[in-house]
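S.K.: Following this message is one structure expressed as structure tokens.
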Amino acid sequence: MTELPGLDVAGLSGWLAGAHPELVAGPLSAAVIAGGRSNLTYAVDGARMPLILRRPPLGHVLLSAHDMRREHRVISALAHTAVPVPIAVDVVDDTTENRVTGTVFFLMEKAPGTVLARPAQNAQFTAAGIRRLSTELVAHLADLHAIDPAAVGLADFGRPDGYLARQLSTWRRQLDASRSRETPELDALEATLAGGMPETDRTAIVHGDYRLDNALVVGEADEPHISAILDWEMATLGDPFVDLGIFALYWDIANLPGGFAGAVPSAVDPAAGYPGFDELVEVYAERAGIAVPDLHWYRAFAAYKLAVILEGIHYRFQAGDTVGEGFDRIGALVEPLARRGREVR
């Protein structure tokens with residue numbers, strides 16, 4: 001295969017030979033990695049090691065939510081910290097020559113491991129192993145939030161002052177840019193968030209989309225562990241409890257009504273050994289050495305953010321700009337998710 005939606009494999013081969021000849025081994029092949037609902041991700045084989053290429057979605061693109069340069073920078077900065085990340089190769093502005101993707105793309109080495117996205121995948125681990133994996137995942141989040149941004153070259157990676165207000169404004173703009181229908185529940189949730197914003201008293205590197213299926217897992221039975229944390233394109237400097245809000249949303253997402261279990265992947269199943277989210281908050285607090293505040297605003301904001309993302313996916317699906325299956329169900333999830341966000345206590 002020499003062409004895929006959004007990627008010219010022959011163009012990639014030519015670019016790799018010129019920019020990174022040390023990686024050239026033979027003809028390249030590529031395939032879309034299924035399951036992505038935002039940036040397009042391709043597995044690239046035929047180089048000296050397996051590679052991953054990421055690019056923004058096709059068609060209607062909100063650049064601030066699909067920033068490949070941002071992902072490359074933060075992964076490079078975290079390479080020698082306690083937080084496991086893939087090895088970055090390059091980030092390329094391909095918008096002028098239009099020979100690989102026609103947009104900015106990001107290339108990295110493929111880290112080993114499997115993404116846990118379905119309950120059936122839990123069968124390879126014991127309940128004790130799954131509990132250990134869960135606590136490792138939240139410990140990595142605490143470790144991320146403990147890193148001094150200046151010490152890893154990220155002092156100017158974001159503007160912490162006014163972060164929550166700016167986040168809410170940013171996602172409101174994302175929603176306005178993706179509007180194709182009325183969303184009264186989503187608009188009401190935004191108003192609720194604007195009226196009850198907490199004060200930020202701690203600043204950290206924020207992942208922006210922290211969840212189990214953004215991690216690669218290696219090992220078996222009693223000893224699974226995380227080889228890499230993925231999907232850093234929304235990372236910035238800001239209030240770290242935003243990450244805990246997102247983590248909470250995805251940890252319990254299979255329990256949300258209205259078809260979320262089928263449309264948004266999750267392997268989290270208490271019957272398999274996954275602890276409750278409250279227990280993970282305790283692990284985080286102990287690891288970070290802090291008291292975690294009431295998270296209800298952060299959990300409601302997570303629902304708003306995901307609902308806006310889903311509305312953007314619905315917009316692209318309606319325009320015929322999605323690649324893969326399952327996008328036809330996404331639009332029906334937006335208003336129920338926004339309603340649940342308003343009910344968080």
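Identifiers for the structure tokens are assigned positionally: chains receive A, B, ... in sequence, residues are indexed from 1 per chain, and ligands are indexed from 1 in the order shown.
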Within 8 Å of A:Leu137, counting only C-alpha atoms, which residues show up once you throw out same-chain ones fewer than 4 positions away? Write them as a list in words, please.
M.R.: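 Here the qualifying residues turn out to be Leu133, Leu141, Leu212 and Ile226 of chain A.
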S.K.: Residues at most 8 Å from stretch 123-129 of chain A, counting only C-alpha atoms, excluding those fewer than 2 positions away in the same chain, as a count of residues only?
M.R.: 14
S.K.: Please provide as a list of chain:residue names all residues within 7 Å of A:Tyr210, with the sequence filter that same-chain residues fewer than 5 positions apart are discarded (counting only C-alpha atoms).
M.R.: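 Surrounding residues, per the criterion: A:Asp243, A:Ile246, A:Phe247.
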S.K.: Name all residues at most 8 Å from A:Gln174 (count only C-alpha atoms; drop same-chain ones fewer than 2 positions away) and give them as JSON, numbers by chain.
M.R.: {"A": [62, 170, 171, 172, 176, 177, 178, 308, 312]}
S.K.: Write out as a VMD selection string each polymer residue whose atoms come within 12 Å of A:Glu199, counting only C-alpha atoms; drop sequence neighbours fewer than 6 positions from it.
M.R.: chain A and resid 160 to 165 238 to 239 241 293 to 294 297 to 298
S.K.: Quick one: write out the picked residues with N, CA and C atoms as a CSV table (one decimal), in the first residue's frame?
M.R.:
chain,number,residue,atom,x,y,z
A,160,PRO,N,0.2,29.6,33.2
A,160,PRO,CA,-0.6,29.1,34.3
A,160,PRO,C,-1.6,30.1,34.8
A,161,ASP,N,-1.3,31.4,34.9
A,161,ASP,CA,-2.2,32.3,35.4
A,161,ASP,C,-3.5,32.4,34.5
A,162,GLY,N,-4.6,32.2,35.2
A,162,GLY,CA,-5.9,32.3,34.5
A,162,GLY,C,-6.2,31.0,33.7
A,163,TYR,N,-5.5,29.9,34.0
A,163,TYR,CA,-5.6,28.7,33.2
A,163,TYR,C,-7.0,28.2,33.1
A,164,LEU,N,-7.7,28.0,34.2
A,164,LEU,CA,-9.0,27.4,34.1
A,164,LEU,C,-10.0,28.3,33.3
A,165,ALA,N,-10.0,29.6,33.5
A,165,ALA,CA,-10.8,30.5,32.7
A,165,ALA,C,-10.5,30.4,31.2
A,238,GLY,N,-0.6,24.2,33.8
A,238,GLY,CA,-1.8,24.7,34.4
A,238,GLY,C,-2.2,23.9,35.7
A,239,ASP,N,-3.4,23.9,36.0
A,239,ASP,CA,-4.0,23.3,37.2
A,239,ASP,C,-4.0,21.7,37.1
A,241,PHE,N,-5.2,19.4,38.7
A,241,PHE,CA,-6.5,18.7,39.0
A,241,PHE,C,-7.4,18.5,37.8
A,293,PRO,N,-8.3,18.4,46.6
A,293,PRO,CA,-9.5,19.1,46.9
A,293,PRO,C,-10.8,18.4,46.3
A,294,ASP,N,-11.9,18.9,46.6
A,294,ASP,CA,-13.1,18.4,46.0
A,294,ASP,C,-13.0,18.5,44.5
A,297,TRP,N,-16.0,20.2,40.3
A,297,TRP,CA,-15.8,21.1,39.2
A,297,TRP,C,-15.0,20.5,38.1
A,298,TYR,N,-13.9,19.9,38.5
A,298,TYR,CA,-12.9,19.3,37.5
A,298,TYR,C,-13.6,18.2,36.7
S.K.: Where in stretch 79-193 of chain A does DSSP assign strand (DSSP E or B), given as a count of residues only?
M.R.: 14
S.K.: Ranking A:Ala151, A:Val115, A:Val206, A:Leu175 by minimum distance to A:His80 and counting only C-alpha atoms, which one comes first?
M.R.: A:Ala151
S.K.: Tell me, in Å to one decimal, how far atom CA of A:Ala254 is from atom CA of A:Ala215.
M.R.: 17.7 Å
S.K.: For the atom pair atom CA of A:Ser266 and atom CA of A:Leu116, what is the interatomic distance in Å to one decimal place?
M.R.: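 Going from atom CA of A:Ser266 over to atom CA of A:Leu116, I get 7.4 Å.
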S.K.: If we count only C-alpha atoms, what is near A:Thr101 at a cut-off of 7 Å, once residues fewer than 3 positions away on the same chain are taken out, given as number ranges by chain?
M.R.: A: 6-8, 94, 98
S.K.: Could those residues be written to a file, using all heavy atoms, as a PDB file, in the first residue's frame?
M.R.:
ATOM      1  N   GLY A   6      -4.916  10.621   4.196  1.00  0.00           N
ATOM      2  CA  GLY A   6      -4.126  11.524   5.013  1.00  0.00           C
ATOM      3  C   GLY A   6      -2.637  11.263   5.036  1.00  0.00           C
ATOM      4  O   GLY A   6      -1.895  12.002   5.680  1.00  0.00           O
ATOM      5  N   LEU A   7      -2.168  10.217   4.345  1.00  0.00           N
ATOM      6  CA  LEU A   7      -0.739   9.892   4.370  1.00  0.00           C
ATOM      7  C   LEU A   7      -0.332   9.287   3.036  1.00  0.00           C
ATOM      8  O   LEU A   7      -0.905   8.297   2.585  1.00  0.00           O
ATOM      9  CB  LEU A   7      -0.428   8.897   5.495  1.00  0.00           C
ATOM     10  CG  LEU A   7       1.007   8.330   5.530  1.00  0.00           C
ATOM     11  CD1 LEU A   7       2.017   9.431   5.786  1.00  0.00           C
ATOM     12  CD2 LEU A   7       1.116   7.232   6.589  1.00  0.00           C
ATOM     13  N   ASP A   8       0.689   9.869   2.404  1.00  0.00           N
ATOM     14  CA  ASP A   8       1.295   9.315   1.200  1.00  0.00           C
ATOM     15  C   ASP A   8       2.545   8.547   1.635  1.00  0.00           C
ATOM     16  O   ASP A   8       3.547   9.144   2.036  1.00  0.00           O
ATOM     17  CB  ASP A   8       1.658  10.435   0.226  1.00  0.00           C
ATOM     18  CG  ASP A   8       2.185   9.910  -1.106  1.00  0.00           C
ATOM     19  OD1 ASP A   8       3.019   8.982  -1.079  1.00  0.00           O
ATOM     20  OD2 ASP A   8       1.776  10.422  -2.153  1.00  0.00           O
ATOM     21  N   ASP A  94       4.681  20.073   6.999  1.00  0.00           N
ATOM     22  CA  ASP A  94       4.535  19.550   5.638  1.00  0.00           C
ATOM     23  C   ASP A  94       3.450  20.295   4.868  1.00  0.00           C
ATOM     24  O   ASP A  94       2.849  19.759   3.944  1.00  0.00           O
ATOM     25  CB  ASP A  94       4.196  18.051   5.727  1.00  0.00           C
ATOM     26  CG  ASP A  94       4.340  17.324   4.400  1.00  0.00           C
ATOM     27  OD1 ASP A  94       5.358  17.536   3.721  1.00  0.00           O
ATOM     28  OD2 ASP A  94       3.432  16.549   4.051  1.00  0.00           O
ATOM     29  N   ASN A  98       3.430  19.384   0.553  1.00  0.00           N
ATOM     30  CA  ASN A  98       2.289  18.484   0.412  1.00  0.00           C
ATOM     31  C   ASN A  98       2.698  17.127  -0.170  1.00  0.00           C
ATOM     32  O   ASN A  98       2.073  16.600  -1.069  1.00  0.00           O
ATOM     33  CB  ASN A  98       1.198  19.121  -0.467  1.00  0.00           C
ATOM     34  CG  ASN A  98      -0.133  18.388  -0.333  1.00  0.00           C
ATOM     35  OD1 ASN A  98      -0.391  17.762   0.679  1.00  0.00           O
ATOM     36  ND2 ASN A  98      -0.950  18.477  -1.358  1.00  0.00           N
TER      37      ASN A  98
END
S.K.: Which residues, written as a list of chain:residue names, have at least one atom at most 9 Å from A:Arg339, with only C-alpha atoms counted and residues fewer than 6 positions away on the same chain left out?
M.R.: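 Within the cut-off, the hits are A:Glu185, A:Leu186, A:Ala188, A:Leu189, A:Ala303.
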S.K.: Which value, in Å to one decimal, gives the distance between atom CA of A:Gly289 and atom CA of A:Asp143?
M.R.: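 A separation of 10.8 Å between them.
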S.K.: Between A:Ala139, A:Ala79, A:Leu4, A:Ala263, which residue has the minimum interatomic distance to A:Asp328, considering only C-alpha atoms?
M.R.: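 Of all the options, A:Ala263 lies closest to A:Asp328.
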